[in-house]
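S.K.: File query.json below, JSON, C-alpha atoms and all ligand atoms:
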```json
[["chain", "number", "residue", "atom", "x", "y", "z"],
["A", 1068, "MET", "CA", 22.57, 7.13, -19.77],
["A", 1069, "THR", "CA", 18.86, 7.78, -20.32],
["A", 1070, "ALA", "CA", 17.63, 10.99, -18.67],
["A", 1071, "PRO", "CA", 15.59, 10.49, -15.51],
["A", 1072, "THR", "CA", 11.91, 11.29, -15.99],
["A", 1073, "VAL", "CA", 11.42, 12.99, -12.61],
["A", 1074, "ALA", "CA", 13.23, 15.89, -10.91],
["A", 1075, "ASP", "CA", 16.31, 15.03, -8.88],
["A", 1076, "ARG", "CA", 15.56, 16.34, -5.39],
["A", 1077, "TYR", "CA", 18.52, 14.45, -3.89],
["A", 1078, "PRO", "CA", 21.64, 15.29, -5.93],
["A", 1079, "THR", "CA", 24.62, 13.16, -4.86],
["A", 1080, "ARG", "CA", 27.86, 11.51, -6.13],
["A", 1081, "ARG", "CA", 29.28, 14.70, -7.63],
["A", 1082, "ALA", "CA", 32.98, 15.47, -7.89],
["A", 1083, "GLU", "CA", 32.54, 18.15, -5.24],
["A", 1084, "GLN", "CA", 30.83, 18.03, -1.89],
["A", 1085, "LEU", "CA", 27.19, 19.21, -1.88],
["A", 1086, "PRO", "CA", 25.69, 20.39, 1.41],
["A", 1087, "ALA", "CA", 23.47, 18.15, 3.51],
["A", 1088, "HIS", "CA", 19.80, 19.17, 3.58],
["A", 1089, "GLU", "CA", 16.55, 18.27, 5.24],
["A", 1090, "ARG", "CA", 14.62, 15.64, 3.30],
["A", 1091, "PRO", "CA", 11.69, 17.04, 1.33],
["A", 1092, "ASP", "CA", 9.67, 13.81, 1.72],
["A", 1093, "PRO", "CA", 7.53, 12.84, 4.73],
["A", 1094, "VAL", "CA", 8.71, 9.95, 6.92],
["A", 1095, "VAL", "CA", 5.34, 8.44, 7.89],
["A", 1096, "HIS", "CA", 2.41, 8.59, 5.49],
["A", 1097, "PRO", "CA", -1.24, 8.50, 6.59],
["A", 1098, "SER", "CA", -2.62, 4.96, 6.49],
["A", 1099, "ALA", "CA", -5.55, 2.88, 7.65],
["A", 1100, "GLY", "CA", -3.41, 1.24, 10.34],
["A", 1101, "GLY", "CA", -1.30, -1.89, 10.74],
["A", 1102, "PRO", "CA", 0.86, -3.79, 13.23],
["A", 1103, "LEU", "CA", 2.32, -0.67, 14.94],
["A", 1104, "ASP", "CA", 0.51, 1.36, 17.58],
["A", 1105, "ALA", "CA", 0.51, 5.17, 17.52],
["A", 1106, "ALA", "CA", 3.47, 5.44, 19.92],
["A", 1107, "ALA", "CA", 5.59, 3.14, 17.74],
["A", 1108, "CYS", "CA", 4.71, 5.18, 14.63],
["A", 1109, "GLU", "CA", 5.79, 8.33, 16.48],
["A", 1110, "ARG", "CA", 9.10, 6.72, 17.46],
["A", 1111, "PHE", "CA", 9.66, 5.73, 13.85],
["A", 1112, "GLU", "CA", 8.97, 9.27, 12.72],
["A", 1113, "ARG", "CA", 11.36, 10.69, 15.36],
["A", 1114, "ASP", "CA", 14.19, 8.12, 15.34],
["A", 1115, "GLY", "CA", 13.90, 6.57, 11.88],
["A", 1116, "PHE", "CA", 13.51, 3.03, 13.20],
["A", 1117, "VAL", "CA", 11.44, 0.94, 15.55],
["A", 1118, "VAL", "CA", 12.20, -2.47, 17.03],
["A", 1119, "VAL", "CA", 9.53, -5.17, 16.74],
["A", 1120, "GLU", "CA", 9.40, -7.93, 19.35],
["A", 1121, "ALA", "CA", 8.21, -11.02, 17.48],
["A", 1122, "LEU", "CA", 7.91, -10.85, 13.71],
["A", 1123, "VAL", "CA", 7.88, -14.62, 13.17],
["A", 1124, "ASP", "CA", 7.59, -17.62, 15.51],
["A", 1125, "ARG", "CA", 10.37, -20.04, 16.47],
["A", 1126, "ARG", "CA", 9.37, -22.76, 14.02],
["A", 1127, "THR", "CA", 9.50, -20.27, 11.16],
["A", 1128, "VAL", "CA", 12.91, -19.03, 12.32],
["A", 1129, "ALA", "CA", 14.25, -22.60, 12.29],
["A", 1130, "ALA", "CA", 12.81, -23.24, 8.83],
["A", 1131, "LEU", "CA", 14.23, -19.96, 7.51],
["A", 1132, "LEU", "CA", 17.69, -20.68, 8.89],
["A", 1133, "ALA", "CA", 17.74, -24.10, 7.22],
["A", 1134, "GLU", "CA", 16.56, -22.46, 3.98],
["A", 1135, "VAL", "CA", 19.30, -19.82, 4.18],
["A", 1136, "GLU", "CA", 22.02, -22.43, 4.58],
["A", 1137, "ARG", "CA", 20.56, -24.31, 1.61],
["A", 1138, "LEU", "CA", 20.56, -21.17, -0.54],
["A", 1139, "ALA", "CA", 24.09, -20.20, 0.54],
["A", 1140, "THR", "CA", 25.44, -23.57, -0.55],
["A", 1141, "ASP", "CA", 23.22, -24.23, -3.61],
["A", 1142, "PRO", "CA", 25.67, -24.61, -6.53],
["A", 1143, "ALA", "CA", 23.34, -22.96, -9.07],
["A", 1144, "ILE", "CA", 22.83, -19.90, -6.87],
["A", 1145, "ALA", "CA", 26.51, -19.82, -5.90],
["A", 1146, "ALA", "CA", 27.43, -19.69, -9.59],
["A", 1147, "SER", "CA", 25.22, -16.62, -10.09],
["A", 1148, "GLU", "CA", 25.95, -13.10, -8.91],
["A", 1149, "ARG", "CA", 23.29, -13.46, -6.21],
["A", 1150, "VAL", "CA", 25.86, -14.84, -3.80],
["A", 1151, "VAL", "CA", 28.26, -12.20, -2.50],
["A", 1152, "ARG", "CA", 31.39, -13.29, -0.66],
["A", 1153, "GLU", "CA", 33.43, -11.54, 2.00],
["A", 1154, "PRO", "CA", 35.94, -8.96, 0.75],
["A", 1155, "ASP", "CA", 38.93, -11.09, 1.68],
["A", 1156, "GLY", "CA", 37.59, -14.61, 1.83],
["A", 1157, "ASP", "CA", 35.18, -17.14, 0.40],
["A", 1158, "ASP", "CA", 32.63, -17.01, 3.19],
["A", 1159, "VAL", "CA", 29.16, -16.10, 1.97],
["A", 1160, "ARG", "CA", 28.34, -12.54, 3.05],
["A", 1161, "SER", "CA", 24.98, -12.02, 1.35],
["A", 1162, "VAL", "CA", 22.52, -13.94, -0.78],
["A", 1163, "PHE", "CA", 20.30, -11.65, -2.86],
["A", 1164, "ASP", "CA", 16.85, -11.98, -4.37],
["A", 1165, "VAL", "CA", 15.86, -14.62, -1.85],
["A", 1166, "HIS", "CA", 12.13, -13.85, -2.12],
["A", 1167, "ARG", "CA", 12.31, -15.00, -5.74],
["A", 1168, "THR", "CA", 14.40, -18.10, -5.14],
["A", 1169, "SER", "CA", 12.62, -19.44, -2.05],
["A", 1170, "PRO", "CA", 8.84, -19.94, -1.73],
["A", 1171, "LEU", "CA", 9.25, -20.06, 2.07],
["A", 1172, "ILE", "CA", 10.99, -16.69, 2.13],
["A", 1173, "ALA", "CA", 8.43, -15.30, -0.34],
["A", 1174, "SER", "CA", 5.62, -16.18, 2.06],
["A", 1175, "VAL", "CA", 7.38, -14.53, 5.02],
["A", 1176, "VAL", "CA", 8.16, -11.41, 2.94],
["A", 1177, "ALA", "CA", 4.47, -11.12, 1.97],
["A", 1178, "SER", "CA", 3.14, -11.81, 5.50],
["A", 1179, "PRO", "CA", 1.05, -9.12, 7.27],
["A", 1180, "SER", "CA", 3.59, -8.86, 10.11],
["A", 1181, "MET", "CA", 6.40, -7.95, 7.68],
["A", 1182, "ALA", "CA", 4.76, -6.28, 4.63],
["A", 1183, "GLY", "CA", 2.08, -4.77, 6.90],
["A", 1184, "LEU", "CA", 4.74, -2.68, 8.66],
["A", 1185, "ALA", "CA", 5.79, -1.16, 5.36],
["A", 1186, "ARG", "CA", 2.23, -0.57, 4.15],
["A", 1187, "GLN", "CA", 1.37, 1.16, 7.41],
["A", 1188, "LEU", "CA", 4.40, 3.48, 7.44],
["A", 1189, "LEU", "CA", 4.40, 4.23, 3.71],
["A", 1190, "GLY", "CA", 0.63, 4.65, 3.47],
["A", 1191, "SER", "CA", 0.25, 2.62, 0.28],
["A", 1192, "ASP", "CA", 0.69, -0.76, -1.27],
["A", 1193, "VAL", "CA", 4.33, -1.82, -1.42],
["A", 1194, "TYR", "CA", 6.52, -4.02, -3.59],
["A", 1195, "VAL", "CA", 9.89, -5.60, -2.86],
["A", 1196, "HIS", "CA", 12.80, -3.50, -4.13],
["A", 1197, "GLN", "CA", 15.48, -5.85, -2.79],
["A", 1198, "SER", "CA", 15.72, -8.92, -0.58],
["A", 1199, "ARG", "CA", 18.83, -10.46, 0.84],
["A", 1200, "VAL", "CA", 20.17, -12.60, 3.62],
["A", 1201, "ASN", "CA", 23.11, -11.03, 5.41],
["A", 1202, "ARG", "CA", 25.28, -13.67, 7.00],
["A", 1203, "LYS", "CA", 27.91, -12.70, 9.48],
["A", 1204, "PRO", "CA", 29.59, -15.92, 10.53],
["A", 1205, "GLY", "CA", 31.33, -16.06, 13.88],
["A", 1206, "PHE", "CA", 35.00, -14.92, 13.86],
["A", 1207, "VAL", "CA", 35.08, -13.91, 10.17],
["A", 1208, "GLY", "CA", 32.00, -11.75, 9.38],
["A", 1209, "LYS", "CA", 33.06, -8.31, 8.14],
["A", 1210, "GLU", "CA", 31.62, -4.85, 8.73],
["A", 1211, "PHE", "CA", 29.31, -2.69, 6.62],
["A", 1212, "SER", "CA", 30.52, 0.92, 6.39],
["A", 1213, "TRP", "CA", 28.18, 3.72, 7.43],
["A", 1214, "HIS", "CA", 25.71, 4.60, 4.69],
["A", 1215, "SER", "CA", 22.18, 5.68, 3.83],
["A", 1216, "ASP", "CA", 20.56, 2.98, 1.68],
["A", 1217, "PHE", "CA", 18.42, 5.60, -0.04],
["A", 1218, "GLU", "CA", 21.53, 7.43, -1.18],
["A", 1219, "THR", "CA", 22.54, 4.30, -3.12],
["A", 1220, "TRP", "CA", 19.04, 3.45, -4.33],
["A", 1221, "HIS", "CA", 18.49, 6.99, -5.58],
["A", 1222, "ALA", "CA", 21.90, 7.32, -7.25],
["A", 1223, "GLU", "CA", 22.28, 3.80, -8.65],
["A", 1224, "ASP", "CA", 18.70, 2.50, -8.97],
["A", 1225, "GLY", "CA", 16.65, 5.62, -9.81],
["A", 1226, "MET", "CA", 14.44, 5.55, -6.72],
["A", 1227, "PRO", "CA", 12.87, 9.04, -6.88],
["A", 1228, "ALA", "CA", 11.72, 9.68, -3.29],
["A", 1229, "ALA", "CA", 12.62, 8.60, 0.22],
["A", 1230, "ARG", "CA", 9.47, 6.50, 0.55],
["A", 1231, "ALA", "CA", 10.85, 3.03, 1.29],
["A", 1232, "VAL", "CA", 11.60, 1.07, 4.44],
["A", 1233, "SER", "CA", 13.73, -1.94, 5.28],
["A", 1234, "VAL", "CA", 12.74, -4.73, 7.61],
["A", 1235, "SER", "CA", 15.60, -6.73, 9.10],
["A", 1236, "LEU", "CA", 14.47, -10.00, 10.69],
["A", 1237, "ALA", "CA", 16.90, -11.66, 13.11],
["A", 1238, "LEU", "CA", 17.37, -15.38, 12.39],
["A", 1239, "THR", "CA", 20.02, -15.74, 15.11],
["A", 1240, "PRO", "CA", 20.29, -13.64, 18.28],
["A", 1241, "ASN", "CA", 21.51, -10.13, 17.51],
["A", 1242, "TYR", "CA", 23.78, -9.07, 20.38],
["A", 1243, "VAL", "CA", 25.66, -5.83, 20.95],
["A", 1244, "HIS", "CA", 28.86, -7.71, 20.15],
["A", 1245, "ASN", "CA", 28.19, -9.87, 17.08],
["A", 1246, "GLY", "CA", 27.96, -7.23, 14.38],
["A", 1247, "SER", "CA", 24.41, -5.97, 14.90],
["A", 1248, "LEU", "CA", 22.91, -2.98, 13.13],
["A", 1249, "MET", "CA", 23.91, 0.46, 14.40],
["A", 1250, "ILE", "CA", 21.70, 3.45, 13.54],
["A", 1251, "VAL", "CA", 22.18, 7.15, 14.18],
["A", 1252, "PRO", "CA", 18.79, 8.18, 15.63],
["A", 1253, "GLY", "CA", 17.12, 11.01, 13.73],
["A", 1254, "SER", "CA", 19.63, 10.84, 10.85],
["A", 1255, "HIS", "CA", 16.86, 9.81, 8.43],
["A", 1256, "ARG", "CA", 15.63, 13.42, 8.33],
["A", 1257, "THR", "CA", 18.86, 14.70, 6.74],
["A", 1258, "PHE", "CA", 20.01, 13.76, 3.26],
["A", 1259, "VAL", "CA", 23.79, 13.61, 3.11],
["A", 1260, "PRO", "CA", 25.14, 13.78, -0.46],
["A", 1261, "THR", "CA", 28.36, 11.83, -0.95],
["A", 1262, "VAL", "CA", 31.42, 12.79, -2.97],
["A", 1263, "GLY", "CA", 32.72, 10.93, -6.00],
["A", 1264, "LEU", "CA", 31.19, 9.63, -9.22],
["A", 1265, "THR", "CA", 29.74, 6.13, -9.20],
["A", 1266, "PRO", "CA", 32.23, 3.73, -10.84],
["A", 1267, "GLY", "CA", 30.95, 1.43, -13.62],
["A", 1268, "ASP", "CA", 29.57, -1.88, -12.29],
["A", 1269, "HIS", "CA", 29.92, -0.47, -8.80],
["A", 1270, "TYR", "CA", 27.73, -3.18, -7.25],
["A", 1271, "ARG", "CA", 30.42, -5.79, -7.93],
["A", 1272, "SER", "CA", 32.66, -4.18, -5.32],
["A", 1273, "SER", "CA", 30.19, -2.21, -3.18],
["A", 1274, "LEU", "CA", 28.23, -5.26, -2.08],
["A", 1275, "ARG", "CA", 31.45, -6.72, -0.67],
["A", 1276, "ARG", "CA", 32.87, -3.50, 0.74],
["A", 1277, "GLN", "CA", 31.29, -0.13, 0.03],
["A", 1278, "GLN", "CA", 33.70, 2.77, -0.54],
["A", 1279, "VAL", "CA", 31.73, 5.13, -2.80],
["A", 1280, "GLY", "CA", 28.39, 6.42, -1.49],
["A", 1281, "VAL", "CA", 29.56, 6.61, 2.09],
["A", 1282, "PRO", "CA", 29.64, 9.79, 4.20],
["A", 1283, "SER", "CA", 32.87, 11.52, 5.15],
["A", 1284, "PRO", "CA", 34.03, 11.22, 8.79],
["A", 1285, "GLU", "CA", 33.00, 14.87, 9.28],
["A", 1286, "GLN", "CA", 29.50, 14.25, 7.91],
["A", 1287, "LEU", "CA", 29.04, 11.20, 10.12],
["A", 1288, "ALA", "CA", 30.32, 13.04, 13.17],
["A", 1289, "ALA", "CA", 27.87, 15.88, 12.50],
["A", 1290, "LEU", "CA", 24.93, 13.45, 12.37],
["A", 1291, "VAL", "CA", 26.00, 11.75, 15.60],
["A", 1292, "ASP", "CA", 26.47, 15.14, 17.21],
["A", 1293, "ALA", "CA", 22.95, 16.15, 16.15],
["A", 1294, "ALA", "CA", 21.73, 12.92, 17.79],
["A", 1295, "GLY", "CA", 23.18, 14.06, 21.11],
["A", 1296, "GLY", "CA", 26.12, 11.70, 20.76],
["A", 1297, "GLU", "CA", 23.90, 8.63, 20.56],
["A", 1298, "ILE", "CA", 24.31, 5.58, 18.32],
["A", 1299, "ALA", "CA", 21.57, 2.96, 18.70],
["A", 1300, "VAL", "CA", 22.50, -0.75, 18.52],
["A", 1301, "VAL", "CA", 19.58, -2.93, 17.45],
["A", 1302, "THR", "CA", 19.58, -6.15, 19.45],
["A", 1303, "GLY", "CA", 17.01, -8.87, 19.97],
["A", 1304, "PRO", "CA", 16.35, -12.61, 19.94],
["A", 1305, "ALA", "CA", 15.85, -14.66, 16.79],
["A", 1306, "GLY", "CA", 12.42, -13.84, 15.41],
["A", 1307, "SER", "CA", 12.59, -10.17, 16.42],
["A", 1308, "GLY", "CA", 13.22, -7.42, 13.94],
["A", 1309, "VAL", "CA", 13.57, -3.78, 13.15],
["A", 1310, "VAL", "CA", 11.93, -1.59, 10.55],
["A", 1311, "PHE", "CA", 14.02, 1.40, 9.52],
["A", 1312, "ASP", "CA", 13.68, 4.32, 7.16],
["A", 1313, "CYS", "CA", 15.50, 4.12, 3.83],
["A", 1314, "ASN", "CA", 17.53, 7.24, 4.64],
["A", 1315, "ALA", "CA", 18.61, 6.29, 8.18],
["A", 1316, "MET", "CA", 22.39, 6.43, 8.54],
["A", 1317, "HIS", "CA", 23.49, 2.94, 9.57],
["A", 1318, "GLY", "CA", 26.33, 0.44, 9.53],
["A", 1319, "SER", "CA", 27.64, -2.53, 11.46],
["A", 1320, "SER", "CA", 30.89, -3.85, 12.86],
["A", 1321, "GLY", "CA", 32.59, -7.10, 12.04],
["A", 1322, "ASN", "CA", 31.80, -10.21, 14.04],
["A", 1323, "ILE", "CA", 34.77, -11.53, 15.99],
["A", 1324, "THR", "CA", 32.57, -13.44, 18.46],
["A", 1325, "PRO", "CA", 31.74, -17.17, 18.11],
["A", 1326, "PHE", "CA", 28.04, -16.27, 17.61],
["A", 1327, "PRO", "CA", 26.90, -16.09, 13.97],
["A", 1328, "ARG", "CA", 24.59, -13.25, 13.08],
["A", 1329, "THR", "CA", 22.17, -14.01, 10.24],
["A", 1330, "ASN", "CA", 19.38, -11.64, 9.22],
["A", 1331, "LEU", "CA", 16.76, -11.60, 6.49],
["A", 1332, "PHE", "CA", 16.65, -8.11, 5.04],
["A", 1333, "VAL", "CA", 13.71, -6.94, 2.94],
["A", 1334, "VAL", "CA", 13.31, -3.55, 1.28],
["A", 1335, "TYR", "CA", 9.74, -2.46, 0.63],
["A", 1336, "ASN", "CA", 9.14, 0.52, -1.63],
["A", 1337, "SER", "CA", 5.86, 2.38, -2.13],
["A", 1338, "VAL", "CA", 4.09, 1.56, -5.40],
["A", 1339, "HIS", "CA", 3.93, 5.36, -5.84],
["A", 1340, "ASN", "CA", 7.73, 5.54, -5.86],
["A", 1341, "THR", "CA", 8.71, 3.10, -8.58],
["A", 1342, "LEU", "CA", 12.14, 3.29, -10.16],
["A", 1343, "VAL", "CA", 13.15, 5.54, -13.05],
["A", 1344, "GLU", "CA", 16.64, 5.69, -14.57],
["A", 1345, "PRO", "CA", 19.59, 6.00, -12.14],
["A", 1346, "PHE", "CA", 20.14, 9.58, -10.96],
["A", 1347, "ALA", "CA", 23.92, 9.25, -10.59],
["A", 1348, "ALA", "CA", 25.19, 6.13, -12.35],
["A", 1349, "ASP", "CA", 25.66, 5.29, -16.00],
["A", 1350, "ALA", "CA", 23.63, 2.08, -16.00],
["A", 1351, "ARG", "CA", 20.92, 0.28, -14.06],
["A", 1352, "ARG", "CA", 21.98, -2.32, -11.53],
["A", 1353, "PRO", "CA", 20.79, -5.88, -12.16],
["A", 1354, "GLU", "CA", 17.32, -7.08, -11.15],
["A", 1355, "PHE", "CA", 18.62, -9.23, -8.31],
["A", 1356, "VAL", "CA", 19.73, -6.14, -6.39],
["A", 1357, "ALA", "CA", 17.14, -3.61, -7.62],
["A", 1358, "SER", "CA", 13.90, -5.16, -8.79],
["A", 1359, "ARG", "CA", 11.74, -3.57, -11.46],
["A", 1360, "ASP", "CA", 8.86, -5.93, -10.84],
["A", 1361, "PHE", "CA", 6.53, -3.45, -9.14],
["A", 1362, "THR", "CA", 3.78, -5.96, -8.33],
["A", 1363, "PRO", "CA", 2.39, -5.26, -4.82],
["A", 1364, "VAL", "CA", 3.11, -7.91, -2.17],
["A", 1365, "GLY", "CA", 0.78, -9.26, 0.46],
["A", 1401, "LIG", "O1", 23.64, -1.71, -2.53],
["A", 1401, "LIG", "C1", 22.63, -1.77, -1.82],
["A", 1401, "LIG", "O2", 21.51, -1.75, -2.28],
["A", 1401, "LIG", "C2", 22.83, -1.85, -0.35],
["A", 1401, "LIG", "N1", 24.11, -2.41, -0.04],
["A", 1401, "LIG", "C3", 25.14, -1.71, 0.39],
["A", 1401, "LIG", "C4", 26.42, -2.36, 0.73],
["A", 1401, "LIG", "N2", 25.05, -0.38, 0.53],
["A", 1401, "LIG", "C5", 23.89, 0.34, 0.12],
["A", 1401, "LIG", "C6", 22.66, -0.51, 0.27],
["A", 1401, "LIG", "O3", 22.45, -0.72, 1.65],
["A", 1402, "FE", "FE", 22.25, -0.66, 4.36]]
```
Have the structure of the file written as structure tokens, please.
M.R.:
Amino acid sequence: MTAPTVADRYPTRRAEQLPAHERPDPVVHPSAGGPLDAAACERFERDGFVVVEALVDRRTVAALLAEVERLATDPAIAASERVVREPDGDDVRSVFDVHRTSPLIASVVASPSMAGLARQLLGSDVYVHQSRVNRKPGFVGKEFSWHSDFETWHAEDGMPAARAVSVSLALTPNYVHNGSLMIVPGSHRTFVPTVGLTPGDHYRSSLRRQQVGVPSPEQLAALVDAAGGEIAVVTGPAGSGVVFDCNAMHGSSGNITPFPRTNLFVVYNSVHNTLVEPFAADARRPEFVASRDFTPVG
């Protein structure tokens, strides 16, 4: 492992439990403005997420859905590691790096309504750290365990600071019952180190079912307690979305309803927060899950 070139302000993945601590990085950075009004920026700062009514129009949603099904069944992509299948089945769970395999998705990812959210909140130009489609087919879609994305990106990808956001765009209706995103409000302000060293080639198993880099039941209960017992469920029609902080504690249940849940998920990182060597893993993850092309988008 090459030594990281910046200080590790978020130690994690040790053999023993380290205490949780308040994040040293700001949540919202000063900017010249963008799609969110001042009240929405304040909600983001307080809760760690904000729901956006209409990110793309209906025609774009239909085109994106068709594109996703094409990507999920494209034999060349299926043969690569970009396609991740369910832990106990062959159904496609995620397709990664979609902004580099689909010109249509690239244009949506770079659009002012999507990238503009990230630029506004992060107060700088942004590049795409990761893009993926998460597919949760009716009846068979499986859960995502509770986690902070930043915990993984810091440990496994060498992301120095918590200065990234994710935008999740609904391509099908996101209901309370079809496996929608759950977020612990305010959890983004606390960094929760996890226990256990990162296994070699962890992404091969973690993208199907994450077991390392997840909080203990006690840690999760403490965050929910600090939130006054609240867990937010992000719902909305196709075309709506949510932007959430990289350190927000989140997860989702399986989908046992007949209604598929398909979302386009884009991670924007500040150009002032580009990756160094992993802070708690013995090798970099591949480009399709953690890009090192730091070219600004939009
Ligand atoms: O590995 C990643 O980058 C993302 N995927 C999972 C399953 N957990 C951490 C992060 O959200
Ligand atoms: Fe996540």
S.K.: Find the residues near A:Gly1115: any atom within 9 Å, counting only C-alpha atoms, skip ones fewer than 3 places away on the same chain, and give them as a list in words.
M.R.: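 Surrounding residues, per the criterion: Val1094, Arg1110, Phe1111, Glu1112, Ile1250, Val1251, Pro1252, Gly1253, Ser1254, His1255, Arg1256, Val1310, Phe1311, Asp1312, Cys1313, Asn1314 and Ala1315 of chain A.
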S.K.: For A:Pro1179, which of A:Pro1102, A:Pro1204, A:Pro1142, A:Pro1345 is the closest residue, counting only C-alpha atoms?
M.R.: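 The shortest atom-to-atom distance to A:Pro1179 comes from A:Pro1102.
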S.K.: Let me have all residues with an atom within 8 Å of ligand LIG 1401 (chain A), counting only C-alpha atoms and all ligand atoms, laid out as a ChimeraX atom specification.
M.R.: /A:1197,1211-1212,1214-1220,1270,1273-1277,1280,1356-1357
S.K.: Report, in Å with one decimal, the straight-line distance from atom CA of A:Ala1229 to atom CA of A:Tyr1242.
M.R.: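 Separating atom CA of A:Ala1229 from atom CA of A:Tyr1242 is a distance of 29.0 Å.
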S.K.: Need the shell around A:Phe1326: protein/DNA/RNA residues with any atom at most 9 Å away, counting all atoms listed in the file. Skip same-chain ones fewer than 3 positions apart. Format as a list in words?
M.R.: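 Here the answer would be Lys1203, Pro1204, Gly1205, Phe1206, Thr1239, Pro1240, Asn1241, Tyr1242, His1244, Asn1245, Asn1322 and Ile1323 of chain A.
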S.K.: Could you dump the residues just selected with C-alpha atoms as a short mmCIF file (atom, residue, chain, number, x, y, z; two decimals), in the coordinates of the input?
M.R.:
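Saved the output as result13.cif:
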```cif
data_model
loop_
_atom_site.label_atom_id
_atom_site.label_comp_id
_atom_site.auth_asym_id
_atom_site.auth_seq_id
_atom_site.Cartn_x
_atom_site.Cartn_y
_atom_site.Cartn_z
CA LYS A 1203 27.91 -12.70 9.48
CA PRO A 1204 29.59 -15.92 10.53
CA GLY A 1205 31.33 -16.06 13.88
CA PHE A 1206 35.00 -14.92 13.86
CA THR A 1239 20.02 -15.74 15.11
CA PRO A 1240 20.29 -13.64 18.28
CA ASN A 1241 21.51 -10.13 17.51
CA TYR A 1242 23.78 -9.07 20.38
CA HIS A 1244 28.86 -7.71 20.15
CA ASN A 1245 28.19 -9.87 17.08
CA ASN A 1322 31.80 -10.21 14.04
CA ILE A 1323 34.77 -11.53 15.99
#
```
S.K.: Using all atoms listed in the file, which of the listed residues (A:Ser1272, A:Ser1319, A:Ser1174, A:Thr1072) sits closest to ligand FE 1402 (chain A)?
M.R.: A:Ser1319
S.K.: Could you write stretch 1087-1099 of chain A as a PDB file, keeping the file's coordinate frame, with N, CA, C and O atoms rebuilt where they are missing?
M.R.:
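Final output, out.pdb:
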```pdb
ATOM      1  N   ALA A1087      24.570  18.969   3.003  1.00  0.00           N
ATOM      2  CA  ALA A1087      23.470  18.150   3.510  1.00  0.00           C
ATOM      3  C   ALA A1087      22.212  19.011   3.601  1.00  0.00           C
ATOM      4  O   ALA A1087      22.302  20.228   3.755  1.00  0.00           O
ATOM      5  N   HIS A1088      21.049  18.395   3.475  1.00  0.00           N
ATOM      6  CA  HIS A1088      19.800  19.170   3.580  1.00  0.00           C
ATOM      7  C   HIS A1088      18.701  18.307   4.170  1.00  0.00           C
ATOM      8  O   HIS A1088      18.757  17.074   4.129  1.00  0.00           O
ATOM      9  N   GLU A1089      17.695  18.978   4.676  1.00  0.00           N
ATOM     10  CA  GLU A1089      16.550  18.270   5.240  1.00  0.00           C
ATOM     11  C   GLU A1089      15.798  17.568   4.117  1.00  0.00           C
ATOM     12  O   GLU A1089      15.652  18.120   3.022  1.00  0.00           O
ATOM     13  N   ARG A1090      15.305  16.376   4.366  1.00  0.00           N
ATOM     14  CA  ARG A1090      14.620  15.640   3.300  1.00  0.00           C
ATOM     15  C   ARG A1090      13.305  16.332   2.973  1.00  0.00           C
ATOM     16  O   ARG A1090      12.564  16.757   3.865  1.00  0.00           O
ATOM     17  N   PRO A1091      12.963  16.430   1.699  1.00  0.00           N
ATOM     18  CA  PRO A1091      11.690  17.040   1.330  1.00  0.00           C
ATOM     19  C   PRO A1091      10.506  16.074   1.445  1.00  0.00           C
ATOM     20  O   PRO A1091       9.370  16.504   1.321  1.00  0.00           O
ATOM     21  N   ASP A1092      10.756  14.797   1.667  1.00  0.00           N
ATOM     22  CA  ASP A1092       9.670  13.810   1.720  1.00  0.00           C
ATOM     23  C   ASP A1092       9.271  13.503   3.161  1.00  0.00           C
ATOM     24  O   ASP A1092      10.123  13.478   4.048  1.00  0.00           O
ATOM     25  N   PRO A1093       7.962  13.244   3.389  1.00  0.00           N
ATOM     26  CA  PRO A1093       7.530  12.840   4.730  1.00  0.00           C
ATOM     27  C   PRO A1093       8.136  11.488   5.127  1.00  0.00           C
ATOM     28  O   PRO A1093       8.559  10.718   4.266  1.00  0.00           O
ATOM     29  N   VAL A1094       8.176  11.224   6.424  1.00  0.00           N
ATOM     30  CA  VAL A1094       8.710   9.950   6.920  1.00  0.00           C
ATOM     31  C   VAL A1094       7.587   8.921   7.063  1.00  0.00           C
ATOM     32  O   VAL A1094       7.691   7.793   6.593  1.00  0.00           O
ATOM     33  N   VAL A1095       6.503   9.322   7.717  1.00  0.00           N
ATOM     34  CA  VAL A1095       5.340   8.440   7.890  1.00  0.00           C
ATOM     35  C   VAL A1095       4.185   9.023   7.089  1.00  0.00           C
ATOM     36  O   VAL A1095       3.932  10.225   7.136  1.00  0.00           O
ATOM     37  N   HIS A1096       3.535   8.154   6.328  1.00  0.00           N
ATOM     38  CA  HIS A1096       2.410   8.590   5.490  1.00  0.00           C
ATOM     39  C   HIS A1096       1.108   8.132   6.140  1.00  0.00           C
ATOM     40  O   HIS A1096       1.072   7.057   6.738  1.00  0.00           O
ATOM     41  N   PRO A1097       0.036   8.914   5.999  1.00  0.00           N
ATOM     42  CA  PRO A1097      -1.240   8.500   6.590  1.00  0.00           C
ATOM     43  C   PRO A1097      -1.668   7.133   6.050  1.00  0.00           C
ATOM     44  O   PRO A1097      -1.490   6.855   4.861  1.00  0.00           O
ATOM     45  N   SER A1098      -2.176   6.276   6.936  1.00  0.00           N
ATOM     46  CA  SER A1098      -2.620   4.960   6.490  1.00  0.00           C
ATOM     47  C   SER A1098      -3.793   4.508   7.336  1.00  0.00           C
ATOM     48  O   SER A1098      -4.114   5.120   8.351  1.00  0.00           O
ATOM     49  N   ALA A1099      -4.386   3.409   6.937  1.00  0.00           N
ATOM     50  CA  ALA A1099      -5.550   2.880   7.650  1.00  0.00           C
ATOM     51  C   ALA A1099      -5.134   2.043   8.855  1.00  0.00           C
ATOM     52  O   ALA A1099      -5.973   1.441   9.502  1.00  0.00           O
TER      53      ALA A1099
END
```
